[in-house]
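Please read the structure below before turning to the comments.
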Amino acid sequence: MITSKDRYLNALIVHKLLERTLESAIVQSKQELRLLQAAMQAECSHENKFYEDTFDYHKREDWVVCHCKDCGKYLGRK
């Protein structure tokens with residue numbers, strides 16, 4: 001006879017296995033996304049740019065930050 005405690009312990013083991021499996025799949029997916037984003041940004045010509053005004057609170061300075069519209073890469077600041 002399987003008791004509710006046994007079912008609970010079995011469910012807990014299954015839960016931990018699923019959690020570990022899904023965590024490793026998420027980590028692999030994030031790594032793949034980072035590699036694909038880096039490849040996309042390397043191939044981009046960065047012709048479409050947009051500028052954004054930002055304020056650096058640490059240095060108390062206003063900056064104009066440049067990003068690429070197509071790939072989102074940070075291109076620099078003024």
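By order in the structure tokens, chains are A, B, ...; within a chain, residues start at 1; ligands start at 1, following the order shown.
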
Write out as a ChimeraX atom specification each polymer residue whose atoms come within 9 Å of A:Cys71, counting only C-alpha atoms; drop sequence neighbours fewer than 5 positions from it.
/A:37,40-41,44,46

Among the residues of chain A, find those DSSP assigns to strand (DSSP E or B) from the backbone and print them as a PyMOL selection string.
chain A and resi 49-56+61-68+74-77

Those same residues, written as a CSV table (one decimal), in the first residue's frame with N, CA, C and O atoms?
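The resulting out_6.csv:
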chain,number,residue,atom,x,y,z
A,49,LYS,N,21.1,54.4,-36.4
A,49,LYS,CA,21.5,54.7,-35.1
A,49,LYS,C,20.4,55.5,-34.4
A,49,LYS,O,19.7,56.3,-35.1
A,50,PHE,N,20.3,55.4,-33.1
A,50,PHE,CA,19.5,56.4,-32.4
A,50,PHE,C,20.3,56.8,-31.1
A,50,PHE,O,21.1,56.1,-30.6
A,51,TYR,N,20.0,58.1,-30.8
A,51,TYR,CA,20.7,58.7,-29.7
A,51,TYR,C,19.8,58.9,-28.5
A,51,TYR,O,18.6,59.2,-28.7
A,52,GLU,N,20.3,58.8,-27.3
A,52,GLU,CA,19.4,58.9,-26.1
A,52,GLU,C,20.2,59.7,-25.1
A,52,GLU,O,21.4,59.5,-24.8
A,53,ASP,N,19.5,60.7,-24.5
A,53,ASP,CA,20.1,61.5,-23.4
A,53,ASP,C,20.0,60.7,-22.1
A,53,ASP,O,18.9,60.2,-21.8
A,54,THR,N,21.1,60.6,-21.4
A,54,THR,CA,21.1,60.0,-20.1
A,54,THR,C,21.9,60.8,-19.2
A,54,THR,O,22.6,61.7,-19.5
A,55,PHE,N,21.7,60.6,-17.9
A,55,PHE,CA,22.4,61.3,-16.8
A,55,PHE,C,23.1,60.3,-16.0
A,55,PHE,O,22.5,59.4,-15.4
A,56,ASP,N,24.4,60.5,-15.8
A,56,ASP,CA,25.3,59.7,-15.0
A,56,ASP,C,25.2,60.3,-13.6
A,56,ASP,O,25.8,61.3,-13.3
A,61,GLU,N,27.0,64.0,-14.8
A,61,GLU,CA,27.1,64.5,-16.1
A,61,GLU,C,26.0,64.1,-17.0
A,61,GLU,O,25.5,63.0,-16.8
A,62,ASP,N,25.6,64.9,-18.0
A,62,ASP,CA,24.7,64.5,-19.0
A,62,ASP,C,25.4,63.9,-20.2
A,62,ASP,O,26.4,64.5,-20.6
A,63,TRP,N,25.0,62.8,-20.6
A,63,TRP,CA,25.6,62.1,-21.8
A,63,TRP,C,24.6,61.8,-22.8
A,63,TRP,O,23.4,61.7,-22.6
A,64,VAL,N,25.1,61.7,-24.1
A,64,VAL,CA,24.3,61.3,-25.2
A,64,VAL,C,24.8,59.9,-25.6
A,64,VAL,O,26.0,59.8,-26.0
A,65,VAL,N,24.0,58.9,-25.5
A,65,VAL,CA,24.4,57.5,-25.7
A,65,VAL,C,23.8,57.1,-27.1
A,65,VAL,O,22.7,57.4,-27.4
A,66,CYS,N,24.7,56.4,-27.8
A,66,CYS,CA,24.3,55.9,-29.2
A,66,CYS,C,24.1,54.4,-29.2
A,66,CYS,O,25.0,53.7,-28.7
A,67,HIS,N,23.0,54.0,-29.8
A,67,HIS,CA,22.7,52.5,-29.9
A,67,HIS,C,22.3,52.3,-31.4
A,67,HIS,O,21.9,53.2,-32.1
A,68,CYS,N,22.5,51.1,-31.8
A,68,CYS,CA,22.1,50.7,-33.2
A,68,CYS,C,20.6,50.2,-33.1
A,68,CYS,O,20.2,49.5,-32.2
A,74,TYR,N,25.4,48.8,-28.1
A,74,TYR,CA,25.8,50.1,-27.6
A,74,TYR,C,27.0,50.5,-28.4
A,74,TYR,O,28.0,49.8,-28.5
A,75,LEU,N,26.9,51.7,-29.0
A,75,LEU,CA,28.0,52.1,-29.9
A,75,LEU,C,28.9,53.2,-29.3
A,75,LEU,O,29.9,53.5,-29.9
A,76,GLY,N,28.5,53.8,-28.2
A,76,GLY,CA,29.3,54.8,-27.6
A,76,GLY,C,28.5,55.9,-27.0
A,76,GLY,O,27.3,55.9,-27.0
A,77,ARG,N,29.3,56.9,-26.5
A,77,ARG,CA,28.6,58.1,-25.9
A,77,ARG,C,29.4,59.3,-26.2
A,77,ARG,O,30.6,59.3,-26.5

Would you return as a ChimeraX atom specification the members of stretch 22-74 of chain A that DSSP assigns to alpha helix (DSSP H) on this structure's backbone?
/A:22-43

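Counting only C-alpha atoms and comparing A:Ile26, A:Leu17, A:Asn48, A:Tyr57, the residue that lies closest to A:Lys69 is A:Asn48.
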